[in-house]
>>> print(open('final37.json').read())   # JSON, C-alpha atoms and all ligand atoms
[["chain", "number", "residue", "atom", "x", "y", "z"],
["O", 228, "MET", "CA", 150.18, 186.21, 138.33],
["O", 229, "SER", "CA", 149.26, 189.69, 137.11],
["O", 230, "ASP", "CA", 152.88, 190.74, 136.54],
["O", 231, "CYS", "CA", 153.91, 187.65, 134.58],
["O", 232, "LEU", "CA", 154.88, 188.25, 130.94],
["O", 233, "PHE", "CA", 153.84, 184.79, 129.75],
["O", 234, "CYS", "CA", 150.50, 184.93, 131.60],
["O", 235, "LYS", "CA", 149.85, 188.17, 129.71],
["O", 236, "ILE", "CA", 150.85, 186.54, 126.42],
["O", 237, "ALA", "CA", 148.54, 183.58, 127.17],
["O", 238, "ALA", "CA", 145.68, 185.99, 127.91],
["O", 239, "GLY", "CA", 146.38, 187.99, 124.73],
["O", 240, "GLU", "CA", 147.16, 191.14, 126.74],
["O", 241, "ILE", "CA", 150.65, 191.25, 125.20],
["O", 242, "PRO", "CA", 150.92, 190.42, 121.49],
["O", 243, "SER", "CA", 152.76, 187.31, 120.33],
["O", 244, "ASP", "CA", 152.96, 185.21, 117.20],
["O", 245, "LYS", "CA", 150.81, 182.29, 118.35],
["O", 246, "VAL", "CA", 150.89, 179.08, 116.34],
["O", 247, "TYR", "CA", 148.63, 176.97, 118.59],
["O", 248, "GLU", "CA", 146.33, 177.42, 121.57],
["O", 249, "ASP", "CA", 143.67, 175.51, 123.42],
["O", 250, "ASP", "CA", 142.17, 175.45, 126.92],
["O", 251, "VAL", "CA", 145.36, 174.06, 128.45],
["O", 252, "MET", "CA", 148.32, 175.52, 126.56],
["O", 253, "VAL", "CA", 149.55, 178.25, 124.25],
["O", 254, "VAL", "CA", 152.42, 177.96, 121.76],
["O", 255, "PHE", "CA", 154.06, 181.04, 120.25],
["O", 256, "LYS", "CA", 157.23, 182.02, 118.42],
["O", 257, "ASP", "CA", 160.23, 183.00, 120.53],
["O", 258, "ILE", "CA", 160.96, 186.71, 120.06],
["O", 259, "ASN", "CA", 164.70, 185.96, 119.74],
["O", 260, "PRO", "CA", 164.85, 182.66, 117.84],
["O", 261, "LYS", "CA", 167.94, 180.50, 118.33],
["O", 262, "ALA", "CA", 167.02, 178.16, 115.46],
["O", 263, "GLU", "CA", 165.03, 178.32, 112.23],
["O", 264, "VAL", "CA", 161.96, 177.22, 114.18],
["O", 265, "HIS", "CA", 161.92, 178.25, 117.85],
["O", 266, "LEU", "CA", 158.62, 178.05, 119.71],
["O", 267, "LEU", "CA", 157.68, 178.37, 123.36],
["O", 268, "ALA", "CA", 154.94, 176.11, 124.73],
["O", 269, "ILE", "CA", 153.38, 177.27, 128.02],
["O", 270, "PRO", "CA", 150.55, 176.09, 130.23],
["O", 271, "ARG", "CA", 147.76, 178.64, 130.71],
["O", 272, "GLU", "CA", 148.01, 177.93, 134.44],
["O", 273, "HIS", "CA", 150.88, 179.86, 135.99],
["O", 274, "ILE", "CA", 153.65, 177.81, 137.52],
["O", 275, "ASP", "CA", 157.14, 179.23, 138.02],
["O", 276, "SER", "CA", 159.23, 176.32, 136.81],
["O", 277, "LEU", "CA", 159.72, 172.57, 136.74],
["O", 278, "ASN", "CA", 160.87, 172.90, 140.37],
["O", 279, "GLU", "CA", 157.29, 173.65, 141.45],
["O", 280, "VAL", "CA", 155.58, 170.88, 139.48],
["O", 281, "MET", "CA", 153.59, 168.56, 141.74],
["O", 282, "GLU", "CA", 151.28, 165.62, 141.22],
["O", 283, "GLN", "CA", 148.34, 167.98, 140.67],
["O", 284, "HIS", "CA", 150.08, 169.26, 137.52],
["O", 285, "ASP", "CA", 150.59, 165.85, 135.93],
["O", 286, "ALA", "CA", 147.61, 166.28, 133.62],
["O", 287, "PHE", "CA", 148.79, 169.46, 131.90],
["O", 288, "MET", "CA", 152.44, 168.40, 131.92],
["O", 289, "GLY", "CA", 151.61, 165.14, 130.18],
["O", 290, "TYR", "CA", 149.18, 166.82, 127.81],
["O", 291, "MET", "CA", 151.70, 169.45, 126.72],
["O", 292, "LEU", "CA", 154.43, 166.91, 126.02],
["O", 293, "ARG", "CA", 152.02, 164.70, 124.10],
["O", 294, "ARG", "CA", 150.94, 167.59, 121.85],
["O", 295, "LEU", "CA", 154.47, 168.70, 120.88],
["O", 296, "PRO", "CA", 155.11, 166.34, 117.92],
["O", 297, "GLU", "CA", 151.96, 167.44, 116.12],
["O", 298, "ILE", "CA", 152.67, 171.14, 116.79],
["O", 299, "ALA", "CA", 156.26, 170.67, 115.56],
["O", 300, "GLY", "CA", 155.00, 168.86, 112.46],
["O", 301, "ASN", "CA", 152.65, 171.74, 111.68],
["O", 302, "GLN", "CA", 155.73, 174.02, 111.61],
["O", 303, "GLY", "CA", 157.45, 171.74, 109.10],
["O", 304, "LEU", "CA", 159.50, 169.79, 111.63],
["O", 305, "ASN", "CA", 158.51, 166.34, 110.41],
["O", 306, "ASP", "CA", 162.06, 165.04, 110.80],
["O", 307, "GLY", "CA", 162.31, 165.72, 114.53],
["O", 308, "PHE", "CA", 162.79, 168.55, 116.99],
["O", 309, "ARG", "CA", 164.44, 169.44, 120.29],
["O", 310, "ALA", "CA", 162.50, 170.23, 123.48],
["O", 311, "ILE", "CA", 164.29, 172.07, 126.30],
["O", 312, "ILE", "CA", 163.04, 173.21, 129.72],
["O", 313, "ASN", "CA", 165.48, 175.62, 131.36],
["O", 314, "THR", "CA", 164.85, 175.31, 135.10],
["O", 315, "GLY", "CA", 165.93, 177.84, 137.72],
["O", 316, "LYS", "CA", 168.68, 180.42, 137.45],
["O", 317, "GLY", "CA", 171.32, 177.70, 137.24],
["O", 318, "GLY", "CA", 169.46, 176.18, 134.31],
["O", 319, "GLY", "CA", 169.44, 179.45, 132.38],
["O", 320, "GLN", "CA", 165.78, 180.24, 133.09],
["O", 321, "ILE", "CA", 164.98, 183.93, 132.65],
["O", 322, "ILE", "CA", 161.18, 183.93, 132.46],
["O", 323, "PHE", "CA", 159.64, 182.28, 135.52],
["O", 324, "HIS", "CA", 156.51, 180.87, 133.91],
["O", 325, "LEU", "CA", 157.24, 177.27, 132.95],
["O", 326, "HIS", "CA", 157.90, 176.95, 129.23],
["O", 327, "ILE", "CA", 159.12, 174.30, 126.84],
["O", 328, "HIS", "CA", 161.47, 175.51, 124.09],
["O", 329, "LEU", "CA", 160.56, 173.62, 120.90],
["O", 330, "MET", "CA", 163.34, 174.04, 118.35],
["O", 331, "GLY", "CA", 164.25, 172.61, 114.99],
["O", 332, "GLY", "CA", 165.26, 173.19, 111.40],
["O", 333, "LYS", "CA", 168.47, 174.96, 110.45],
["O", 334, "ASN", "CA", 170.88, 176.26, 113.10],
["O", 335, "LEU", "CA", 169.69, 173.91, 115.86],
["O", 336, "PRO", "CA", 172.08, 174.83, 118.70],
["O", 337, "GLY", "CA", 173.95, 172.75, 121.24],
["O", 338, "PHE", "CA", 175.13, 169.16, 121.72],
["O", 339, "GLU", "CA", 177.69, 169.34, 118.91],
["V", 1, "LIG", "P1", 164.35, 181.03, 129.32],
["V", 1, "LIG", "O1", 165.78, 181.48, 129.31],
["V", 1, "LIG", "O2", 163.56, 181.61, 130.47],
["V", 1, "LIG", "O3", 164.21, 179.53, 129.21],
["V", 1, "LIG", "O4", 163.76, 181.55, 127.96],
["V", 1, "LIG", "C1", 162.92, 182.66, 127.84],
["V", 1, "LIG", "C2", 162.67, 182.86, 126.37],
["V", 1, "LIG", "O5", 161.63, 183.79, 126.23],
["V", 1, "LIG", "C3", 163.88, 183.42, 125.60],
["V", 1, "LIG", "O6", 164.24, 182.51, 124.54],
["V", 1, "LIG", "C4", 163.38, 184.76, 125.07],
["V", 1, "LIG", "O7", 163.85, 185.04, 123.75],
["V", 1, "LIG", "C5", 161.87, 184.59, 125.10],
["V", 1, "LIG", "N1", 161.13, 185.83, 125.31],
["V", 1, "LIG", "C6", 161.39, 186.77, 126.26],
["V", 1, "LIG", "N2", 160.49, 187.76, 126.19],
["V", 1, "LIG", "C7", 159.63, 187.44, 125.19],
["V", 1, "LIG", "C8", 158.47, 188.09, 124.64],
["V", 1, "LIG", "O8", 158.03, 189.16, 125.07],
["V", 1, "LIG", "N3", 157.85, 187.47, 123.61],
["V", 1, "LIG", "C9", 158.30, 186.27, 123.09],
["V", 1, "LIG", "N4", 157.61, 185.75, 122.07],
["V", 1, "LIG", "N5", 159.37, 185.63, 123.60],
["V", 1, "LIG", "C10", 160.03, 186.21, 124.63],
["V", 2, "ZN", "ZN", 152.66, 183.30, 134.37]]
>>> encode(input="final37.json", output="structure tokens")
Amino acid sequence: MSDCLFCKIAAGEIPSDKVYEDDVMVVFKDINPKAEVHLLAIPREHIDSLNEVMEQHDAFMGYMLRRLPEIAGNQGLNDGFRAIINTGKGGGQIIFHLHIHLMGGKNLPGFE
């Protein structure tokens, strides 16, 4: 997806504040943080949203979820965190490259 912002961030073609990356996923700071810690975790492989996830994606989906606690802990979130996947326009998704919002610390929004 040559015109995808998050593919370009994953490839390093657009700068971002990365906190973690490996062969499967990249995690970087949200440019407009809604909480003290607000990260975006994305697969390197382009997929539009959770709506397009199929059995062939189970490996990276499971892997990304499994890595989140350690990545959160490395950002000081040892007490817990919130993970959100906005899906489709009705779910508030703006960037159509699947991403997991990882949020925590002060000013954690929602569910009050
Ligand atoms: P969505 O509403 O699609 O779930 O969330 C997209 C998120 O991407 C938003 O929280 C927004 O602040 C973030 N974002 C949009 N453009 C950029 C960018 O160029 N760099 C970074 N680091 N985050 C971005
Ligand atoms: Zn993409």
>>> residues_around(input="final37.json", residues="O:Asp244", least_positions_apart="3", cutoff="12 Å", atoms="all atoms listed in the file", output="list of chain:residue names")
O:Ile236, O:Ala237, O:Gly239, O:Ile241, O:Tyr247, O:Glu248, O:Val253, O:Val254, O:Phe255, O:Lys256, O:Asp257, O:Ile258, O:His265, O:Leu266, O:Leu267, O:Ala268
>>> residues_near_ligand(input="final37.json", ligand="ligand LIG 1 (chain V)", cutoff="9 Å", atoms="all atoms listed in the file", output="MDAnalysis selection string")
chainID O and resid 232:233 236 241:245 255:261 265:267 311:316 318:328
>>> closest_residue(input="final37.json", among="O:Ile274, O:Ala286, O:Val246, O:Val264", to="O:Met330", atoms="only C-alpha atoms")
O:Val264
>>> atom_distance(input="final37.json", atom1="atom CA of O:Met252", atom2="atom CA of O:Gly289")
11.5 Å
>>> closest_residue(input="final37.json", among="O:Gly317, O:Gly332, O:Gln283, O:Lys235", to="O:Asn305", atoms="only C-alpha atoms")
O:Gly332
>>> closest_residue(input="final37.json", among="O:Gly337, O:Met281, O:Glu263, O:Ile269", to="O:Gln302", atoms="only C-alpha atoms")
O:Glu263
>>> atom_distance(input="final37.json", atom1="atom CA of O:Pro270", atom2="atom CA of O:Ser229")
15.3 Å
>>> closest_residue(input="final37.json", among="O:Met291, O:Phe308, O:Ile298, O:Cys231", to="O:Val251", atoms="all atoms listed in the file")
O:Met291
>>> atom_distance(input="final37.json", atom1="atom CA of O:Leu292", atom2="atom CA of O:Asp250")
15.0 Å
>>> decode(input="final37.json", residues="stretch 272-321 of chain O", atoms="N, CA and C atoms", output="compact mmCIF listing (two decimals), in the first residue's frame")
# COMPACT_ATOMS: atom_id res chain seq x y z
N GLU O 272 2.61 -5.86 7.95
CA GLU O 272 1.78 -6.24 6.81
C GLU O 272 0.55 -5.34 6.76
N HIS O 273 0.28 -4.76 5.61
CA HIS O 273 -0.89 -3.89 5.51
C HIS O 273 -2.18 -4.70 5.53
N ILE O 274 -3.08 -4.27 6.41
CA ILE O 274 -4.45 -4.76 6.39
C ILE O 274 -5.31 -3.58 6.83
N ASP O 275 -6.43 -3.36 6.15
CA ASP O 275 -7.20 -2.13 6.39
C ASP O 275 -7.72 -2.03 7.82
N SER O 276 -8.33 -3.09 8.31
CA SER O 276 -8.98 -3.02 9.61
C SER O 276 -9.27 -4.42 10.12
N LEU O 277 -9.85 -4.48 11.32
CA LEU O 277 -10.26 -5.77 11.89
C LEU O 277 -11.28 -6.46 10.99
N ASN O 278 -12.02 -5.68 10.20
CA ASN O 278 -13.03 -6.27 9.31
C ASN O 278 -12.42 -7.19 8.26
N GLU O 279 -11.16 -6.98 7.93
CA GLU O 279 -10.51 -7.77 6.87
C GLU O 279 -9.67 -8.91 7.43
N VAL O 280 -9.60 -9.04 8.75
CA VAL O 280 -8.75 -10.08 9.33
C VAL O 280 -9.35 -11.46 9.03
N MET O 281 -8.48 -12.35 8.51
CA MET O 281 -8.90 -13.72 8.20
C MET O 281 -7.96 -14.69 8.91
N GLU O 282 -8.24 -15.97 8.74
CA GLU O 282 -7.47 -16.98 9.45
C GLU O 282 -5.97 -16.85 9.18
N GLN O 283 -5.64 -16.42 7.96
CA GLN O 283 -4.22 -16.30 7.59
C GLN O 283 -3.49 -15.23 8.41
N HIS O 284 -4.25 -14.36 9.09
CA HIS O 284 -3.65 -13.30 9.89
C HIS O 284 -3.57 -13.65 11.37
N ASP O 285 -4.02 -14.84 11.73
CA ASP O 285 -4.06 -15.20 13.15
C ASP O 285 -2.69 -15.08 13.81
N ALA O 286 -1.64 -15.43 13.08
CA ALA O 286 -0.31 -15.44 13.69
C ALA O 286 0.09 -14.04 14.13
N PHE O 287 -0.02 -13.05 13.24
CA PHE O 287 0.42 -11.71 13.66
C PHE O 287 -0.56 -11.05 14.61
N MET O 288 -1.85 -11.38 14.48
CA MET O 288 -2.82 -10.82 15.44
C MET O 288 -2.51 -11.31 16.86
N GLY O 289 -2.32 -12.62 16.98
CA GLY O 289 -2.02 -13.19 18.29
C GLY O 289 -0.70 -12.67 18.84
N TYR O 290 0.29 -12.61 17.96
CA TYR O 290 1.62 -12.15 18.37
C TYR O 290 1.57 -10.72 18.91
N MET O 291 0.86 -9.85 18.18
CA MET O 291 0.80 -8.44 18.60
C MET O 291 0.13 -8.31 19.97
N LEU O 292 -0.98 -8.99 20.16
CA LEU O 292 -1.67 -8.91 21.45
C LEU O 292 -0.79 -9.44 22.57
N ARG O 293 -0.10 -10.51 22.30
CA ARG O 293 0.75 -11.13 23.32
C ARG O 293 1.91 -10.23 23.72
N ARG O 294 2.39 -9.39 22.79
CA ARG O 294 3.53 -8.52 23.10
C ARG O 294 3.14 -7.26 23.88
N LEU O 295 1.86 -6.88 23.85
CA LEU O 295 1.45 -5.59 24.42
C LEU O 295 1.83 -5.39 25.89
N PRO O 296 1.59 -6.35 26.79
CA PRO O 296 1.91 -6.10 28.20
C PRO O 296 3.37 -5.71 28.42
N GLU O 297 4.27 -6.38 27.75
CA GLU O 297 5.70 -6.06 27.93
C GLU O 297 6.01 -4.67 27.37
N ILE O 298 5.44 -4.34 26.22
CA ILE O 298 5.67 -3.02 25.62
C ILE O 298 5.10 -1.93 26.52
N ALA O 299 3.90 -2.18 27.08
CA ALA O 299 3.29 -1.23 28.02
C ALA O 299 4.17 -1.07 29.26
N GLY O 300 4.65 -2.18 29.78
CA GLY O 300 5.51 -2.14 30.96
C GLY O 300 6.77 -1.34 30.72
N ASN O 301 7.33 -1.44 29.53
CA ASN O 301 8.54 -0.69 29.20
C ASN O 301 8.28 0.82 29.14
N GLN O 302 7.00 1.20 29.01
CA GLN O 302 6.63 2.63 29.03
C GLN O 302 6.16 3.06 30.41
N GLY O 303 6.36 2.21 31.40
CA GLY O 303 6.00 2.55 32.78
C GLY O 303 4.61 2.13 33.19
N LEU O 304 3.89 1.45 32.29
CA LEU O 304 2.52 1.05 32.59
C LEU O 304 2.50 -0.35 33.22
N ASN O 305 3.06 -0.44 34.42
CA ASN O 305 3.12 -1.74 35.09
C ASN O 305 1.83 -2.08 35.82
N ASP O 306 0.97 -1.07 35.93
CA ASP O 306 -0.28 -1.22 36.69
C ASP O 306 -1.46 -1.59 35.78
N GLY O 307 -1.23 -1.62 34.49
CA GLY O 307 -2.29 -1.91 33.54
C GLY O 307 -2.38 -0.88 32.43
N PHE O 308 -3.16 -1.19 31.43
CA PHE O 308 -3.29 -0.32 30.26
C PHE O 308 -4.60 -0.62 29.57
N ARG O 309 -4.95 0.21 28.60
CA ARG O 309 -6.16 -0.02 27.79
C ARG O 309 -5.74 -0.22 26.35
N ALA O 310 -6.33 -1.22 25.69
CA ALA O 310 -6.08 -1.47 24.26
C ALA O 310 -7.40 -1.30 23.52
N ILE O 311 -7.36 -0.49 22.45
CA ILE O 311 -8.57 -0.17 21.68
C ILE O 311 -8.28 -0.36 20.20
N ILE O 312 -9.20 -1.00 19.48
CA ILE O 312 -9.08 -1.11 18.02
C ILE O 312 -10.34 -0.49 17.40
N ASN O 313 -10.24 0.75 16.97
CA ASN O 313 -11.34 1.39 16.25
C ASN O 313 -11.47 0.70 14.90
N THR O 314 -12.69 0.30 14.56
CA THR O 314 -12.89 -0.52 13.35
C THR O 314 -13.98 0.05 12.47
N GLY O 315 -13.58 0.49 11.27
CA GLY O 315 -14.53 1.07 10.32
C GLY O 315 -14.93 2.48 10.71
N LYS O 316 -15.58 3.15 9.77
CA LYS O 316 -15.98 4.54 10.02
C LYS O 316 -16.87 4.65 11.25
N GLY O 317 -17.79 3.70 11.41
CA GLY O 317 -18.69 3.71 12.56
C GLY O 317 -17.99 3.48 13.87
N GLY O 318 -16.79 2.91 13.82
CA GLY O 318 -16.00 2.67 15.02
C GLY O 318 -14.99 3.77 15.28
N GLY O 319 -15.07 4.84 14.48
CA GLY O 319 -14.16 5.97 14.69
C GLY O 319 -12.80 5.79 14.06
N GLN O 320 -12.67 4.80 13.14
CA GLN O 320 -11.37 4.59 12.50
C GLN O 320 -11.13 5.66 11.44
N ILE O 321 -9.95 6.28 11.50
CA ILE O 321 -9.58 7.33 10.55
C ILE O 321 -8.46 6.84 9.63
